[in-house]
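The next block is protein-v5.txt, given as compact mmCIF, C-alpha atoms.
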```txt
# COMPACT_ATOMS: atom_id res chain seq x y z
CA MET A 136 -21.21 19.03 2.21
CA THR A 137 -20.68 22.19 4.25
CA GLU A 138 -18.93 21.28 7.49
CA PRO A 139 -15.69 19.31 6.99
CA LEU A 140 -15.84 15.68 8.10
CA VAL A 141 -13.05 14.62 10.45
CA PHE A 142 -11.89 11.06 10.99
CA ARG A 143 -9.43 10.58 13.84
CA PHE A 144 -7.35 7.52 14.66
CA ASN A 145 -4.81 6.56 17.28
CA VAL A 146 -2.01 4.66 15.56
CA ASP A 147 -0.66 1.92 17.82
CA GLY A 148 3.11 1.92 17.60
CA SER A 149 3.69 -1.36 19.37
CA ASP A 150 2.44 -3.76 16.74
CA PHE A 151 3.69 -3.75 13.16
CA THR A 152 1.19 -6.45 12.20
CA SER A 153 -1.76 -4.16 12.82
CA ALA A 154 -0.18 -1.12 11.14
CA GLY A 155 -2.40 0.11 8.33
CA GLN A 156 -5.72 -0.47 10.07
CA ALA A 157 -6.50 3.25 10.15
CA SER A 158 -5.84 3.48 6.41
CA VAL A 159 -8.22 0.61 5.78
CA HIS A 160 -10.91 2.43 7.79
CA VAL A 161 -10.29 5.66 5.92
CA LYS A 162 -10.57 3.91 2.59
CA LYS A 163 -13.94 2.46 3.59
CA ASN A 164 -15.16 5.82 4.91
CA LEU A 165 -14.17 7.64 1.72
CA ARG A 166 -15.87 4.96 -0.39
CA GLU A 167 -19.07 5.48 1.58
CA LEU A 168 -18.81 9.20 0.89
CA GLY A 169 -18.70 8.40 -2.82
CA LEU A 170 -15.35 10.04 -3.60
CA PRO A 171 -13.71 9.10 -6.93
CA PRO A 172 -11.66 5.85 -6.77
CA GLU A 173 -8.42 7.53 -7.86
CA ILE A 174 -8.72 10.11 -5.06
CA ILE A 175 -9.47 7.37 -2.53
CA ARG A 176 -6.44 5.40 -3.66
CA ARG A 177 -4.11 8.40 -3.41
CA VAL A 178 -5.37 9.25 0.09
CA SER A 179 -5.15 5.63 1.23
CA ILE A 180 -1.60 5.10 -0.01
CA ALA A 181 -0.28 8.38 1.42
CA MET A 182 -1.90 7.66 4.77
CA TYR A 183 -0.76 4.03 4.78
CA GLU A 184 2.87 5.02 4.20
CA GLY A 185 2.54 7.64 6.93
CA GLU A 186 1.02 5.14 9.32
CA ILE A 187 3.80 2.64 8.66
CA ASN A 188 6.39 5.40 9.24
CA MET A 189 4.78 6.31 12.56
CA VAL A 190 4.94 2.68 13.70
CA ILE A 191 8.53 2.13 12.52
CA HIS A 192 10.06 5.40 13.69
CA ALA A 193 7.85 7.10 16.26
CA ASN A 194 6.08 4.46 18.35
CA GLY A 195 2.75 5.48 16.87
CA GLY A 196 0.85 8.75 16.91
CA VAL A 197 -2.42 10.32 15.83
CA ALA A 198 -3.82 10.45 12.31
CA GLU A 199 -6.59 12.78 11.18
CA VAL A 200 -8.32 12.82 7.83
CA ILE A 201 -10.36 15.93 7.10
CA VAL A 202 -12.75 15.83 4.17
CA SER A 203 -13.95 19.21 2.96
CA GLU A 204 -15.62 20.36 -0.24
CA ASP A 205 -12.40 20.98 -2.11
CA ALA A 206 -9.81 18.66 -0.56
CA VAL A 207 -8.97 15.71 1.61
CA GLU A 208 -6.34 16.62 4.19
CA ILE A 209 -4.28 14.06 6.10
CA VAL A 210 -2.56 15.18 9.29
CA LEU A 211 -0.13 12.78 10.97
CA LYS A 212 1.27 13.75 14.37
CA ASP A 213 3.81 11.87 16.39
CA GLN A 214 6.07 12.43 19.34
CA GLY A 215 8.91 10.44 17.89
CA PRO A 216 12.58 11.33 17.45
CA GLY A 217 11.99 13.91 14.68
CA ILE A 218 13.74 14.05 11.30
CA PRO A 219 17.24 15.59 11.48
CA ASN A 220 17.54 16.25 7.73
CA VAL A 221 14.22 16.48 5.86
CA GLU A 222 15.83 16.99 2.45
CA GLN A 223 17.80 13.79 2.85
CA ALA A 224 14.77 11.92 4.17
CA MET A 225 12.81 12.91 1.05
CA GLN A 226 15.30 11.20 -1.26
CA GLU A 227 14.14 7.88 -2.66
CA GLY A 228 16.21 5.08 -1.17
CA PHE A 229 17.35 6.96 1.95
CA SER A 230 16.23 5.14 5.08
CA THR A 231 17.10 5.05 8.75
CA ALA A 232 14.80 2.09 9.41
CA PRO A 233 16.44 -0.94 11.04
CA SER A 234 17.14 -3.93 8.81
CA SER A 235 14.55 -5.90 10.77
CA VAL A 236 11.91 -3.65 9.22
CA GLN A 237 13.23 -4.31 5.72
CA SER A 238 12.58 -8.00 6.19
CA LEU A 239 8.95 -7.01 6.80
CA GLY A 240 8.73 -5.30 3.40
CA PHE A 241 9.32 -1.68 4.38
CA GLY A 242 12.23 0.60 5.23
CA ALA A 243 13.41 0.97 1.63
CA GLY A 244 13.42 4.75 1.75
CA MET A 245 10.23 5.11 -0.26
CA GLY A 246 7.75 6.15 2.44
CA LEU A 247 8.07 9.94 2.38
CA PRO A 248 8.68 10.08 -1.41
CA ASN A 249 5.54 8.01 -1.95
CA MET A 250 3.55 10.31 0.33
CA LYS A 251 4.70 13.27 -1.77
CA ARG A 252 4.07 11.39 -5.03
CA TYR A 253 0.41 10.76 -4.26
CA THR A 254 -0.54 14.11 -2.74
CA ASP A 255 -0.86 17.64 -4.13
CA THR A 256 0.78 19.39 -1.18
CA MET A 257 2.91 18.07 1.66
CA GLU A 258 4.38 19.97 4.59
CA ILE A 259 6.66 18.53 7.25
CA GLU A 260 7.14 20.19 10.64
CA THR A 261 9.72 18.37 12.68
CA GLU A 262 11.94 18.92 15.66
CA VAL A 263 14.56 16.48 16.82
CA GLY A 264 13.58 14.99 20.15
CA VAL A 265 10.08 16.49 20.03
CA GLY A 266 8.20 14.94 17.11
CA THR A 267 6.91 15.34 13.60
CA THR A 268 3.70 16.61 12.04
CA ILE A 269 3.02 15.93 8.37
CA ARG A 270 0.16 17.65 6.53
CA MET A 271 -0.85 16.43 3.11
CA LYS A 272 -3.65 17.59 0.83
CA ILE A 273 -5.30 16.00 -2.14
CA PHE A 274 -7.53 18.41 -4.03
CA LEU A 275 -10.91 17.26 -5.22
CA LYS A 276 -11.33 19.89 -7.92
CA MET B 34 -5.51 -12.06 -18.51
CA LYS B 35 -8.00 -13.97 -16.39
CA ILE B 36 -6.90 -14.83 -12.85
CA ALA B 37 -7.73 -18.43 -13.76
CA THR B 38 -5.01 -18.23 -16.41
CA VAL B 39 -2.52 -16.88 -13.86
CA ARG B 40 -3.31 -19.89 -11.69
CA GLU B 41 -2.92 -22.26 -14.62
CA LEU B 42 0.38 -20.79 -15.90
CA LEU B 43 1.93 -20.91 -12.43
CA ASN B 44 0.38 -24.26 -11.51
CA ALA B 45 -0.71 -22.46 -8.36
CA GLU B 46 -2.83 -23.60 -5.47
CA ILE B 47 -5.70 -21.28 -4.57
CA VAL B 48 -5.78 -20.21 -0.91
CA CYS B 49 -8.87 -18.01 -1.10
CA GLY B 50 -11.00 -16.15 -3.63
CA GLU B 51 -11.78 -19.13 -5.87
CA GLU B 52 -15.04 -17.46 -6.85
CA LEU B 53 -13.09 -14.58 -8.44
CA LEU B 54 -10.99 -16.57 -10.92
CA GLU B 55 -12.94 -15.25 -13.90
CA GLU B 56 -11.91 -11.65 -13.07
CA HIS B 57 -9.30 -10.02 -15.28
CA VAL B 58 -5.91 -8.53 -14.42
CA TYR B 59 -4.03 -6.12 -16.67
CA SER B 60 -0.57 -5.77 -15.15
CA ALA B 61 1.68 -7.32 -12.54
CA CYS B 62 4.39 -6.44 -10.06
CA GLY B 63 6.94 -8.70 -8.40
CA SER B 64 8.55 -7.41 -5.21
CA ASP B 65 9.25 -8.15 -1.57
CA MET B 66 9.40 -4.42 -0.81
CA MET B 67 5.89 -3.12 -0.32
CA SER B 68 6.88 0.53 -0.72
CA ASP B 69 8.09 -0.27 -4.24
CA VAL B 70 4.69 -1.79 -4.94
CA LEU B 71 2.99 1.30 -3.54
CA ALA B 72 5.10 3.52 -5.78
CA TYR B 73 4.43 2.07 -9.18
CA VAL B 74 1.54 -0.30 -9.60
CA LYS B 75 -1.81 0.48 -11.22
CA ASP B 76 -5.06 -1.25 -10.38
CA GLN B 77 -6.40 -4.59 -11.53
CA ALA B 78 -2.91 -5.94 -10.99
CA VAL B 79 -1.30 -9.11 -9.67
CA LEU B 80 1.21 -8.88 -6.85
CA LEU B 81 3.89 -11.58 -6.81
CA THR B 82 5.86 -11.71 -3.58
CA GLY B 83 7.86 -13.93 -1.28
CA LEU B 84 6.91 -11.80 1.70
CA VAL B 85 4.51 -13.32 4.19
CA ASN B 86 2.85 -10.88 6.56
CA SER B 87 -0.36 -8.87 6.90
CA GLN B 88 1.16 -5.83 5.18
CA VAL B 89 1.16 -7.72 1.88
CA ILE B 90 -2.63 -7.82 1.98
CA ARG B 91 -2.95 -4.23 3.19
CA THR B 92 -0.64 -3.04 0.41
CA ALA B 93 -2.71 -4.89 -2.18
CA GLU B 94 -5.88 -3.45 -0.71
CA MET B 95 -4.56 0.12 -0.77
CA MET B 96 -3.59 -0.34 -4.43
CA ASP B 97 -6.91 -1.97 -5.41
CA MET B 98 -4.96 -5.05 -6.48
CA VAL B 99 -7.09 -8.12 -6.97
CA CYS B 100 -4.69 -11.06 -6.86
CA ILE B 101 -1.66 -12.05 -4.78
CA VAL B 102 0.72 -14.85 -5.75
CA LEU B 103 3.02 -16.15 -3.04
CA VAL B 104 6.14 -17.59 -4.68
CA ARG B 105 8.40 -20.44 -3.54
CA SER B 106 5.45 -22.25 -1.94
CA LYS B 107 5.19 -19.68 0.84
CA LYS B 108 2.30 -20.36 3.18
CA PRO B 109 0.18 -17.37 4.25
CA THR B 110 -0.65 -16.72 7.89
CA GLU B 111 -4.23 -17.14 9.10
CA GLU B 112 -4.45 -13.36 9.50
CA MET B 113 -3.44 -12.90 5.86
CA VAL B 114 -6.15 -15.29 4.71
CA ARG B 115 -8.73 -13.53 6.87
CA LEU B 116 -7.77 -10.11 5.52
CA ALA B 117 -7.66 -11.29 1.90
CA LYS B 118 -11.11 -12.84 2.19
CA ALA B 119 -12.50 -9.66 3.76
CA SER B 120 -11.01 -7.56 0.96
CA GLY B 121 -12.10 -9.79 -1.91
CA ILE B 122 -8.54 -10.59 -2.98
CA VAL B 123 -7.58 -13.85 -4.65
CA MET B 124 -4.53 -15.42 -3.00
CA MET B 125 -2.58 -18.36 -4.41
CA THR B 126 0.75 -20.07 -3.86
CA THR B 127 3.13 -21.39 -6.50
CA GLU B 128 6.25 -23.50 -6.32
CA TYR B 129 8.00 -21.25 -8.82
CA ARG B 130 10.57 -18.70 -7.72
CA MET B 131 9.89 -15.01 -8.21
CA TYR B 132 11.98 -14.65 -11.39
CA ASP B 133 10.42 -17.64 -13.08
CA ALA B 134 6.87 -16.81 -12.02
CA CYS B 135 7.18 -13.22 -13.30
CA GLY B 136 8.77 -14.46 -16.52
CA MET B 137 5.96 -16.89 -17.21
CA LEU B 138 3.28 -14.25 -16.78
CA TYR B 139 5.22 -11.67 -18.81
CA ALA B 140 5.89 -14.12 -21.65
CA ASN B 141 2.17 -14.77 -21.83
CA GLY B 142 1.25 -11.13 -22.20
CA LEU B 143 0.89 -9.83 -18.65
CA ILE B 144 3.43 -7.03 -18.76
CA GLY B 145 4.43 -4.59 -16.01
CA LYS B 146 4.32 -0.82 -16.02
CA LYS B 147 6.09 0.65 -19.06
CA VAL B 148 9.17 2.78 -18.42
CA ARG B 149 9.17 6.10 -20.21
CA HIS B 150 12.45 7.19 -21.78
CA ASP B 151 11.88 10.87 -22.40
```

Write-out of the structure in structure tokens:
Amino acid sequence: MTEPLVFRFNVDGSDFTSAGQASVHVKKNLRELGLPPEIIRRVSIAMYEGEINMVIHANGGVAEVIVSEDAVEIVLKDQGPGIPNVEQAMQEGFSTAPSSVQSLGFGAGMGLPNMKRYTDTMEIETEVGVGTTIRMKIFLK
Amino acid sequence: MKIATVRELLNAEIVCGEELLEEHVYSACGSDMMSDVLAYVKDQAVLLTGLVNSQVIRTAEMMDMVCIVLVRSKKPTEEMVRLAKASGIVMMTTEYRMYDACGMLYANGLIGKKVRHD
């Protein structure tokens, strides 16, 4: 593999039921590429949590998965409200999701911590009122 | 533990995946919060939940989980059944409540993830 492979998805923010479809596609694509199962699982979970976050908080966005020789990078961009306090948002159990989301099985303050848990690097660029971009990498070697 | 044994212990009704009952599972997780499931579970696991929506199936799929037990006789949606079939996941429903269902599986050797005290 020389040129990085890029998978791009529009994440629909209007329908919680369909949230996660992009992650399912990515998982299938990575399987077809023959990546190790543990790597695929880590990418899938990190992306799935990110996708759910985009639907809950930001009315959707764009997800890109870039597969290169040494890493899988996930880039999640939204034009949502931004994160006022990233340090606080990274704490397990801290959530600003409405209680209606909790009844759907999410919004327990585990999304961002899980994304960090399953990736090797994670960077958050965010501006209140403008949006958030999250870059995560999982190294293959 | 074979999935068939899970079904037997919980007196569960199979919704889909009957052809996979001879597969084995090695751990289990009981939760209605899918992010908790995503945080801690290893593969070849059973998910016990009272939550009924498509994200239950997607969570199981992301985690490579092979069996979902819906407690308290919860009925899955058609979309859940469709997704579970497409993903090769066994889904069953039991009358038992979460606590009892987890206890029965645990008492018969299907333990959860060990907590490290170091």

Query raised in the report: Please, what distance in Å, to one decimal, runs between CA of Gln156 (chain A) and CA of Glu199 (chain A)?
Result: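 Here the two named atoms are 13.3 Å from each other.
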
Requested in this report: Calculate how many Å separate CA of Met137 (chain B) from CA of Leu71 (chain B), rounding to one decimal.
Outcome: 22.9 Å

Report task. Could you list the residues in chain A lying within 6 Å of chain B, using all atoms listed in the file, and format the result as a list in words? Result ->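 The complete set of qualifying residues is Ser179, Ile180, Gly240, Phe241, Met245 and Asn249 of chain A.
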
Counting all atoms listed in the file, find the residues whose atoms lie at most 12 Å from (-21.6, 11.8, -0.1) (file coordinates) and write them out as a PDB file with C-alpha atoms, keeping the file's coordinate frame.
```
ATOM      1  CA  MET A 136     -21.210  19.030   2.210  1.00  0.00           C
ATOM      2  CA  THR A 137     -20.680  22.190   4.250  1.00  0.00           C
ATOM      3  CA  PRO A 139     -15.690  19.310   6.990  1.00  0.00           C
ATOM      4  CA  LEU A 140     -15.840  15.680   8.100  1.00  0.00           C
ATOM      5  CA  ASN A 164     -15.160   5.820   4.910  1.00  0.00           C
ATOM      6  CA  LEU A 165     -14.170   7.640   1.720  1.00  0.00           C
ATOM      7  CA  ARG A 166     -15.870   4.960  -0.390  1.00  0.00           C
ATOM      8  CA  GLU A 167     -19.070   5.480   1.580  1.00  0.00           C
ATOM      9  CA  LEU A 168     -18.810   9.200   0.890  1.00  0.00           C
ATOM     10  CA  GLY A 169     -18.700   8.400  -2.820  1.00  0.00           C
ATOM     11  CA  LEU A 170     -15.350  10.040  -3.600  1.00  0.00           C
ATOM     12  CA  PRO A 171     -13.710   9.100  -6.930  1.00  0.00           C
ATOM     13  CA  VAL A 202     -12.750  15.830   4.170  1.00  0.00           C
ATOM     14  CA  SER A 203     -13.950  19.210   2.960  1.00  0.00           C
ATOM     15  CA  GLU A 204     -15.620  20.360  -0.240  1.00  0.00           C
TER      16      GLU A 204
END
```

Report task. Work out how far apart CA of Ile101 (chain B) and CA of Met124 (chain B) are and give it in Å to one decimal. Result -> 4.8 Å
